[in-house]
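What's in query-v8.tsv: TSV, C-alpha atoms and all ligand atoms
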```
chain	number	residue	atom	x	y	z
A	54	MET	CA	-1.10	22.49	27.37
A	55	SER	CA	2.52	23.43	27.89
A	56	ASP	CA	3.51	27.12	28.02
A	57	ASN	CA	6.31	26.28	25.62
A	58	LEU	CA	6.76	24.38	22.37
A	59	LEU	CA	9.78	22.11	22.74
A	60	ALA	CA	8.42	19.12	20.79
A	61	ILE	CA	5.29	18.90	18.65
A	62	ASP	CA	3.41	16.67	21.12
A	63	ASP	CA	3.44	19.62	23.57
A	64	ILE	CA	0.50	20.93	21.54
A	65	ALA	CA	-1.11	17.60	20.68
A	66	ASP	CA	-4.64	18.68	21.68
A	67	ASP	CA	-4.55	21.87	19.61
A	68	PHE	CA	-2.33	20.76	16.72
A	69	LYS	CA	-5.11	20.21	14.18
A	70	ALA	CA	-6.76	23.56	14.96
A	71	ILE	CA	-3.38	25.37	14.85
A	72	LEU	CA	-2.84	24.03	11.32
A	73	GLU	CA	-6.40	24.75	10.18
A	74	TRP	CA	-6.00	28.30	11.50
A	75	ALA	CA	-2.74	28.64	9.53
A	76	ILE	CA	-4.37	27.41	6.30
A	77	ALA	CA	-7.40	29.68	6.69
A	78	PHE	CA	-5.18	32.66	7.54
A	79	LYS	CA	-2.93	32.00	4.54
A	80	ASN	CA	-5.93	31.94	2.22
A	81	ASP	CA	-7.82	34.99	3.44
A	82	GLU	CA	-6.24	38.33	2.68
A	83	ASP	CA	-8.76	40.20	4.86
A	84	PHE	CA	-7.41	38.54	7.98
A	85	SER	CA	-3.81	38.74	6.97
A	86	TYR	CA	-3.85	42.49	6.41
A	87	ASP	CA	-5.85	43.58	9.46
A	88	PHE	CA	-5.00	41.05	12.13
A	89	LYS	CA	-2.14	42.36	14.32
A	90	PRO	CA	-2.17	40.24	17.50
A	91	LEU	CA	1.51	40.97	18.21
A	92	ASP	CA	1.08	44.75	18.11
A	93	GLY	CA	3.48	46.23	20.68
A	94	MET	CA	5.21	42.87	21.27
A	95	SER	CA	8.83	41.90	20.65
A	96	ILE	CA	9.87	38.31	19.95
A	97	GLY	CA	13.55	37.34	20.20
A	98	SER	CA	15.11	34.46	18.26
A	99	ILE	CA	18.46	33.04	19.37
A	100	TYR	CA	20.49	31.08	16.80
A	101	GLU	CA	23.48	28.91	17.61
A	102	LYS	CA	23.42	27.39	14.12
A	103	PRO	CA	22.83	28.85	10.65
A	104	SER	CA	19.30	29.17	9.28
A	105	THR	CA	17.60	30.43	6.13
A	106	ARG	CA	13.97	29.29	6.44
A	107	THR	CA	13.48	29.44	10.19
A	108	ARG	CA	15.07	32.84	10.59
A	109	VAL	CA	13.40	34.54	7.63
A	110	SER	CA	9.99	32.94	8.23
A	111	PHE	CA	9.99	34.00	11.89
A	112	GLU	CA	11.14	37.53	11.06
A	113	THR	CA	8.61	38.08	8.28
A	114	GLY	CA	5.77	36.26	10.06
A	115	ILE	CA	6.19	38.23	13.31
A	116	HIS	CA	6.39	41.48	11.33
A	117	LYS	CA	3.16	40.65	9.44
A	118	LEU	CA	1.42	40.05	12.78
A	119	GLY	CA	2.41	43.53	13.97
A	120	GLY	CA	5.27	42.46	16.23
A	121	GLN	CA	8.97	43.28	16.31
A	122	PRO	CA	11.26	40.35	15.50
A	123	LEU	CA	14.73	40.44	17.07
A	124	THR	CA	17.31	38.00	15.74
A	125	LEU	CA	20.04	37.26	18.28
A	126	LEU	CA	23.03	35.38	16.87
A	127	LYS	CA	25.04	33.41	19.39
A	128	GLY	CA	28.29	35.20	18.53
A	129	ASP	CA	26.67	38.59	19.19
A	130	ILE	CA	25.11	37.97	22.60
A	131	GLN	CA	26.60	36.73	25.88
A	132	ILE	CA	24.83	33.34	25.97
A	133	GLY	CA	27.16	30.42	26.59
A	134	LYS	CA	30.22	32.65	26.94
A	135	SER	CA	29.99	34.97	29.92
A	136	GLU	CA	26.34	34.26	30.78
A	137	THR	CA	24.44	31.05	31.45
A	138	ILE	CA	21.39	30.03	29.44
A	139	GLY	CA	19.25	30.42	32.58
A	140	ASP	CA	20.42	33.98	33.27
A	141	THR	CA	19.96	34.89	29.60
A	142	ALA	CA	16.40	33.54	29.78
A	143	GLN	CA	15.60	35.67	32.82
A	144	VAL	CA	17.11	38.84	31.36
A	145	LEU	CA	15.45	38.46	27.97
A	146	SER	CA	12.09	37.74	29.62
A	147	ARG	CA	12.21	41.28	31.06
A	148	PHE	CA	12.29	42.79	27.57
A	149	LEU	CA	10.56	40.34	25.31
A	150	ASP	CA	7.13	38.71	24.92
A	151	GLY	CA	8.38	35.43	23.49
A	152	LEU	CA	11.56	33.58	22.54
A	153	THR	CA	12.57	31.11	19.88
A	154	TYR	CA	15.83	29.17	20.22
A	155	ARG	CA	17.88	27.10	17.74
A	156	CYS	CA	20.50	25.18	19.69
A	157	PHE	CA	22.65	22.06	19.65
A	158	ALA	CA	21.67	20.09	22.77
A	159	HIS	CA	17.93	19.73	23.41
A	160	ALA	CA	18.69	20.18	27.14
A	161	ASP	CA	19.65	23.80	26.34
A	162	VAL	CA	16.21	24.75	25.01
A	163	GLU	CA	14.68	22.93	28.00
A	164	GLU	CA	16.84	25.05	30.30
A	165	LEU	CA	15.90	28.28	28.51
A	166	ALA	CA	12.21	27.36	28.77
A	167	GLU	CA	12.49	26.47	32.43
A	168	LYS	CA	14.02	29.82	33.35
A	169	ALA	CA	12.14	32.11	30.95
A	170	SER	CA	8.88	33.68	32.06
A	171	VAL	CA	7.73	34.14	28.44
A	172	PRO	CA	6.81	31.36	25.96
A	173	VAL	CA	9.75	29.54	24.37
A	174	ILE	CA	9.50	27.89	20.93
A	175	ASN	CA	12.14	25.37	19.87
A	176	ALA	CA	13.50	26.48	16.49
A	177	LEU	CA	15.49	23.17	16.13
A	178	SER	CA	17.55	21.20	18.57
A	179	ASP	CA	19.44	17.94	18.09
A	180	LYS	CA	16.26	16.05	19.08
A	181	HIS	CA	13.27	18.05	17.85
A	182	HIS	CA	12.14	20.44	15.12
A	183	PRO	CA	8.47	21.11	15.94
A	184	CYS	CA	8.10	24.19	13.70
A	185	GLN	CA	9.16	22.02	10.77
A	186	ALA	CA	6.58	19.36	11.66
A	187	ALA	CA	3.87	22.03	11.86
A	188	ALA	CA	4.70	23.21	8.33
A	189	ASP	CA	4.98	19.62	7.09
A	190	LEU	CA	1.58	18.49	8.35
A	191	MET	CA	0.04	21.79	7.19
A	192	THR	CA	1.39	21.10	3.68
A	193	MET	CA	-0.09	17.58	3.75
A	194	MET	CA	-3.45	19.01	4.94
A	195	GLU	CA	-3.51	21.44	2.02
A	196	LYS	CA	-3.35	18.44	-0.34
A	197	ASP	CA	-5.67	16.20	1.67
A	198	PRO	CA	-7.70	18.28	4.19
A	199	LYS	CA	-8.89	15.34	6.32
A	200	LEU	CA	-5.59	13.46	5.88
A	201	ASN	CA	-7.59	10.30	5.18
A	202	ASN	CA	-5.52	9.43	2.15
A	203	THR	CA	-2.06	10.44	3.38
A	204	ARG	CA	0.63	7.83	4.06
A	205	VAL	CA	4.11	9.07	4.87
A	206	ALA	CA	7.42	7.33	4.15
A	207	TRP	CA	10.67	8.76	5.50
A	208	VAL	CA	13.89	7.58	3.87
A	209	GLY	CA	17.11	8.66	5.56
A	210	ASP	CA	18.58	9.40	8.95
A	211	GLY	CA	16.70	8.86	12.23
A	212	ASN	CA	17.05	12.52	13.17
A	213	ASN	CA	15.38	15.56	14.75
A	214	VAL	CA	13.10	16.21	11.74
A	215	LEU	CA	11.90	12.60	11.68
A	216	HIS	CA	11.17	12.71	15.43
A	217	ASP	CA	8.63	15.52	15.16
A	218	LEU	CA	7.32	14.27	11.82
A	219	MET	CA	6.39	10.91	13.34
A	220	LEU	CA	4.89	12.60	16.42
A	221	GLY	CA	2.93	15.00	14.19
A	222	CYS	CA	1.65	12.12	12.03
A	223	ALA	CA	0.68	10.16	15.13
A	224	ILE	CA	-1.27	13.11	16.56
A	225	LEU	CA	-3.23	13.56	13.32
A	226	GLY	CA	-3.75	9.84	12.67
A	227	VAL	CA	-1.46	9.56	9.64
A	228	ASP	CA	0.44	6.31	8.96
A	229	CYS	CA	4.19	6.86	9.03
A	230	THR	CA	6.93	4.43	8.03
A	231	TRP	CA	10.60	5.27	8.28
A	232	ALA	CA	13.45	3.51	6.51
A	233	VAL	CA	16.80	4.15	8.18
A	234	PRO	CA	20.13	2.30	7.88
A	235	GLU	CA	21.00	0.02	10.79
A	236	GLY	CA	22.57	2.07	13.54
A	237	TYR	CA	20.70	5.25	12.55
A	238	GLU	CA	17.35	4.50	14.16
A	239	PRO	CA	15.36	7.34	15.74
A	240	ASP	CA	15.37	7.88	19.51
A	241	GLU	CA	13.61	4.97	21.22
A	242	GLY	CA	11.82	7.16	23.76
A	243	ILE	CA	10.36	9.36	21.01
A	244	VAL	CA	9.25	6.32	18.95
A	245	LYS	CA	7.52	5.02	22.07
A	246	ARG	CA	5.76	8.36	22.54
A	247	ALA	CA	4.65	8.33	18.88
A	248	LYS	CA	3.36	4.75	19.15
A	249	ILE	CA	1.32	5.54	22.27
A	250	ILE	CA	-0.31	8.51	20.50
A	251	ALA	CA	-0.81	6.49	17.29
A	252	LYS	CA	-2.66	3.81	19.23
A	253	GLU	CA	-5.16	6.43	20.38
A	254	THR	CA	-5.58	8.03	16.96
A	255	GLY	CA	-5.66	4.70	15.10
A	256	CYS	CA	-2.67	4.91	12.78
A	257	ARG	CA	0.53	2.93	12.24
A	258	MET	CA	4.12	3.85	13.10
A	259	LYS	CA	6.55	1.45	11.48
A	260	GLN	CA	10.31	1.11	11.12
A	261	THR	CA	12.23	-0.70	8.40
A	262	HIS	CA	15.77	-0.76	7.06
A	263	ASN	CA	14.50	-1.17	3.50
A	264	PRO	CA	13.69	2.09	1.60
A	265	LYS	CA	11.63	0.26	-1.08
A	266	LYS	CA	9.44	-1.32	1.59
A	267	ALA	CA	8.90	2.07	3.23
A	268	VAL	CA	7.79	3.84	0.07
A	269	LYS	CA	5.55	0.99	-1.12
A	270	ASN	CA	2.00	2.37	-1.06
A	271	ALA	CA	3.11	5.66	0.50
A	272	ASN	CA	2.20	8.93	-1.20
A	273	ILE	CA	4.39	11.36	0.77
A	274	ILE	CA	8.07	10.57	0.41
A	275	TYR	CA	10.28	12.60	2.74
A	276	THR	CA	14.02	12.83	3.24
A	277	ASP	CA	16.54	15.13	4.93
A	278	ALA	CA	20.32	15.57	4.99
A	279	PHE	CA	22.22	12.43	5.97
A	280	VAL	CA	24.64	14.59	7.99
A	281	SER	CA	22.90	17.16	10.20
A	282	MET	CA	24.27	20.43	11.56
A	283	GLY	CA	26.65	19.68	14.39
A	284	GLU	CA	27.64	16.32	12.85
A	285	GLU	CA	30.17	17.75	10.42
A	286	ASP	CA	32.89	15.57	11.97
A	287	GLN	CA	30.82	12.48	11.06
A	288	VAL	CA	30.94	12.78	7.27
A	289	ASP	CA	32.07	9.15	7.16
A	290	LYS	CA	28.50	8.18	7.98
A	291	MET	CA	27.53	9.05	4.37
A	292	ALA	CA	28.79	5.61	3.26
A	293	ASP	CA	26.17	3.93	5.45
A	294	PHE	CA	23.39	5.62	3.46
A	295	ASP	CA	24.10	3.80	0.24
A	296	GLY	CA	20.69	2.90	-1.26
A	297	PHE	CA	18.85	5.57	0.75
A	298	GLN	CA	18.87	8.30	-1.92
A	299	VAL	CA	15.42	9.41	-3.05
A	300	ASN	CA	15.63	9.06	-6.83
A	301	MET	CA	13.21	8.17	-9.62
A	302	GLU	CA	14.01	4.48	-9.32
A	303	LEU	CA	12.98	4.43	-5.66
A	304	LEU	CA	9.84	6.43	-6.40
A	305	GLU	CA	8.67	3.75	-8.83
A	306	ALA	CA	7.80	1.69	-5.75
A	307	ALA	CA	5.59	4.51	-4.34
A	308	ASP	CA	2.00	5.44	-5.26
A	309	GLU	CA	1.75	7.10	-8.68
A	310	ASP	CA	0.53	10.29	-7.05
A	311	TRP	CA	3.56	10.55	-4.75
A	312	ALA	CA	4.63	13.97	-3.49
A	313	PHE	CA	8.20	14.64	-2.47
A	314	MET	CA	8.98	16.57	0.71
A	315	HIS	CA	12.25	17.76	2.26
A	316	CYS	CA	12.71	20.18	5.15
A	317	LEU	CA	15.60	21.78	3.20
A	318	PRO	CA	18.40	22.66	2.78
A	319	ALA	CA	18.72	19.79	0.28
A	320	HIS	CA	22.06	18.29	-0.65
A	321	ARG	CA	21.36	17.56	-4.29
A	322	GLY	CA	23.10	14.40	-5.44
A	323	ASP	CA	23.32	13.01	-1.89
A	324	GLU	CA	19.94	12.30	-0.25
A	325	VAL	CA	17.94	13.39	-3.33
A	326	THR	CA	18.52	13.81	-7.05
A	327	ASP	CA	17.93	17.00	-9.06
A	328	GLU	CA	15.26	15.13	-11.01
A	329	VAL	CA	13.19	14.52	-7.87
A	330	MET	CA	13.78	17.97	-6.35
A	331	ASP	CA	12.70	19.70	-9.56
A	332	HIS	CA	9.88	17.25	-10.42
A	333	LYS	CA	6.34	18.65	-10.73
A	334	GLN	CA	5.35	16.35	-7.85
A	335	SER	CA	7.97	17.89	-5.56
A	336	ILE	CA	6.26	20.20	-3.05
A	337	VAL	CA	9.38	21.31	-1.19
A	338	PHE	CA	8.95	25.02	-1.86
A	339	ASP	CA	5.26	25.06	-0.78
A	340	GLN	CA	6.49	23.28	2.32
A	341	ALA	CA	9.17	25.94	2.89
A	342	GLU	CA	6.63	28.77	2.48
A	343	ASN	CA	4.35	27.08	5.00
A	344	ARG	CA	7.01	27.48	7.69
A	345	MET	CA	5.88	31.12	7.88
A	346	TRP	CA	2.11	30.49	8.00
A	347	ALA	CA	2.36	27.64	10.51
A	348	GLN	CA	4.66	29.68	12.76
A	349	MET	CA	2.32	32.69	12.57
A	350	SER	CA	-0.38	30.48	14.01
A	351	LEU	CA	2.02	29.08	16.63
A	352	VAL	CA	3.40	32.46	17.75
A	353	THR	CA	-0.11	33.92	18.04
A	354	PHE	CA	-1.25	30.81	19.93
A	355	PHE	CA	1.59	31.09	22.45
A	356	CYS	CA	1.94	34.88	22.77
A	357	ASN	CA	-1.68	36.09	22.43
A	358	LYS	CA	-3.99	33.15	23.02
A	359	ALA	CA	-7.09	35.37	23.29
A	360	ALA	CA	-6.53	36.77	19.78
A	361	TRP	CA	-5.81	33.28	18.43
A	362	GLU	CA	-9.07	31.98	19.95
A	363	THR	CA	-11.12	34.91	18.68
A	364	LEU	CA	-9.97	34.25	15.15
A	365	ALA	CA	-10.39	30.50	15.57
A	366	GLU	CA	-13.99	31.05	16.67
A	367	PHE	CA	-14.60	33.37	13.73
A	368	LEU	CA	-13.16	30.73	11.41
A	369	ASP	CA	-15.41	28.12	13.04
A	370	LEU	CA	-12.49	25.80	13.85
A	401	LIG	N1	14.27	23.58	7.43
A	401	LIG	C1	14.94	24.48	8.16
A	401	LIG	O1	14.82	24.56	9.39
A	401	LIG	O2	15.73	25.31	7.42
A	401	LIG	P1	16.78	26.34	7.98
A	401	LIG	O3	17.91	25.58	8.59
A	401	LIG	O4	17.22	27.15	6.78
A	401	LIG	O5	16.11	27.22	9.00
A	402	LIG	N1	18.38	17.47	10.34
A	402	LIG	C1	18.81	18.76	9.88
A	402	LIG	C2	17.64	19.66	9.67
A	402	LIG	C3	17.98	21.01	9.09
A	402	LIG	C4	16.78	21.89	8.96
A	402	LIG	C5	19.78	19.37	10.88
A	402	LIG	O1	19.53	19.27	12.08
A	402	LIG	O2	20.78	19.94	10.44
```
Structure translated into structure tokens:
Amino acid sequence: MSDNLLAIDDIADDFKAILEWAIAFKNDEDFSYDFKPLDGMSIGSIYEKPSTRTRVSFETGIHKLGGQPLTLLKGDIQIGKSETIGDTAQVLSRFLDGLTYRCFAHADVEELAEKASVPVINALSDKHHPCQAAADLMTMMEKDPKLNNTRVAWVGDGNNVLHDLMLGCAILGVDCTWAVPEGYEPDEGIVKRAKIIAKETGCRMKQTHNPKKAVKNANIIYTDAFVSMGEEDQVDKMADFDGFQVNMELLEAADEDWAFMHCLPAHRGDEVTDEVMDHKQSIVFDQAENRMWAQMSLVTFFCNKAAWETLAEFLDL
């Protein structure tokens, strides 16, 4: 196991147990009130981009676990201006027990992790969003605990969220099909990694350029913004996503019991309609809440493994 979480396959062997732990913890108030594995610890979170869910779920989750969350906005600390990422990592490691980092280039979180002597969790880079994938697969497990009847279709951009979603599905043996416009395919190296894992777990990873084909027979329909943070100068790309909106017409091709997922923030009227977002089969707000529970499991796993294992044993995971 890696000492850091940069992409979701870093925790492939423990992923299922980490999610089961999160679900059990969420549902048992006795644990959630008394269990303080981060007592006396401080966890710092560096943000180079805005965040609602990641920031608030880390702050509240760390607080609930007895730790002190410290949010460090790029404009307020020296990183990238008068201090390198590596020096920042070494300084912060002297004060803190763990770090999370939301950055632009994935190489930056790799550099922070290489130089830090405390665990580093990627809170979104241009390539990966493992905390999102943890919440996503946790949400699917709540609906279908063994994930035997879960088939995922992604409709949209071949981006960071899709990368960890496909890796997460591959690890847990869930079929995943993604429909992306030509020219917006996911990273080839990551698809290769997902396919190697999927071969071992016995599920299918499939790409198409046809949204209707992707959603056919799928029961989890997932989309994300067509223009991600850091791509604001590429708004012209929106035109290439004609036909990729998740709307009621597209969902007619899916299983009747479809559930709609979105990492949020949603751009209503672009990648998804109001009707789908607000539909009773939309589970986007359960998914958002699960960011906190999944990350509580992850932070405990990385920062106090003994406490995580004790609870896992108690839960019979
Ligand atoms: N899904 C997600 O990461 O949301 P935020 O950008 O608000 O953190
Ligand atoms: N793909 C989006 C995800 C936001 C949570 C982005 O990187 O902006």
For a cutoff of 10 Å around the file-coordinate point (11.7, 10.1, 19.2), which residues qualify once you count all atoms listed in the file? I'd like the result as a list in words.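 Neighbouring residues, ordered by chain and number, come to Ala60, Lys180, His181, Gly211, Asn212, Asn213, Val214, Leu215, His216, Asp217, Leu218, Met219, Leu220, Glu238, Pro239, Asp240, Glu241, Gly242, Ile243, Val244, Lys245, Arg246, Ala247 and Lys248 of chain A.
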How would the residues just chosen look if you wrote them out with C-alpha atoms as a compact mmCIF listing (two decimals), in the coordinates of the input?
```
# COMPACT_ATOMS: atom_id res chain seq x y z
CA ALA A 60 8.42 19.12 20.79
CA LYS A 180 16.26 16.05 19.08
CA HIS A 181 13.27 18.05 17.85
CA GLY A 211 16.70 8.86 12.23
CA ASN A 212 17.05 12.52 13.17
CA ASN A 213 15.38 15.56 14.75
CA VAL A 214 13.10 16.21 11.74
CA LEU A 215 11.90 12.60 11.68
CA HIS A 216 11.17 12.71 15.43
CA ASP A 217 8.63 15.52 15.16
CA LEU A 218 7.32 14.27 11.82
CA MET A 219 6.39 10.91 13.34
CA LEU A 220 4.89 12.60 16.42
CA GLU A 238 17.35 4.50 14.16
CA PRO A 239 15.36 7.34 15.74
CA ASP A 240 15.37 7.88 19.51
CA GLU A 241 13.61 4.97 21.22
CA GLY A 242 11.82 7.16 23.76
CA ILE A 243 10.36 9.36 21.01
CA VAL A 244 9.25 6.32 18.95
CA LYS A 245 7.52 5.02 22.07
CA ARG A 246 5.76 8.36 22.54
CA ALA A 247 4.65 8.33 18.88
CA LYS A 248 3.36 4.75 19.15
```
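Closest approach to ligand LIG 401 (chain A) among A:Pro318, A:Gly209, A:Pro183, A:Gly283 is made by A:Pro318 (distances from all atoms listed in the file).
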Given 10 Å and only C-alpha atoms and all ligand atoms, residues near ligand LIG 402 (chain A) as a ChimeraX atom specification: /A:102-107,155-157,176-182,185,210-215,276-285,315-319
Nearest to A:Ala312 by atom-to-atom distance, counting only C-alpha atoms, from A:Lys196, A:Leu351, A:Ala341, A:Ile249: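 With only C-alpha atoms as the atom set, the closest residue is A:Lys196.
Among the candidates A:Leu59, A:Gly97, A:Thr326, A:Ala188, the one nearest to A:Phe148 when counting only C-alpha atoms is A:Gly97.
Residue nearest ligand LIG 401 (chain A) within the list A:Glu112, A:Asp87, A:Asp67, A:Asp369: A:Glu112 [criterion: smallest interatomic distance, all atoms listed in the file].
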Could you work out how far atom CA of A:His262 lies from atom CA of A:Leu200, giving the answer in Å with one decimal?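 Distance reported for this atom pair: 25.7 Å.
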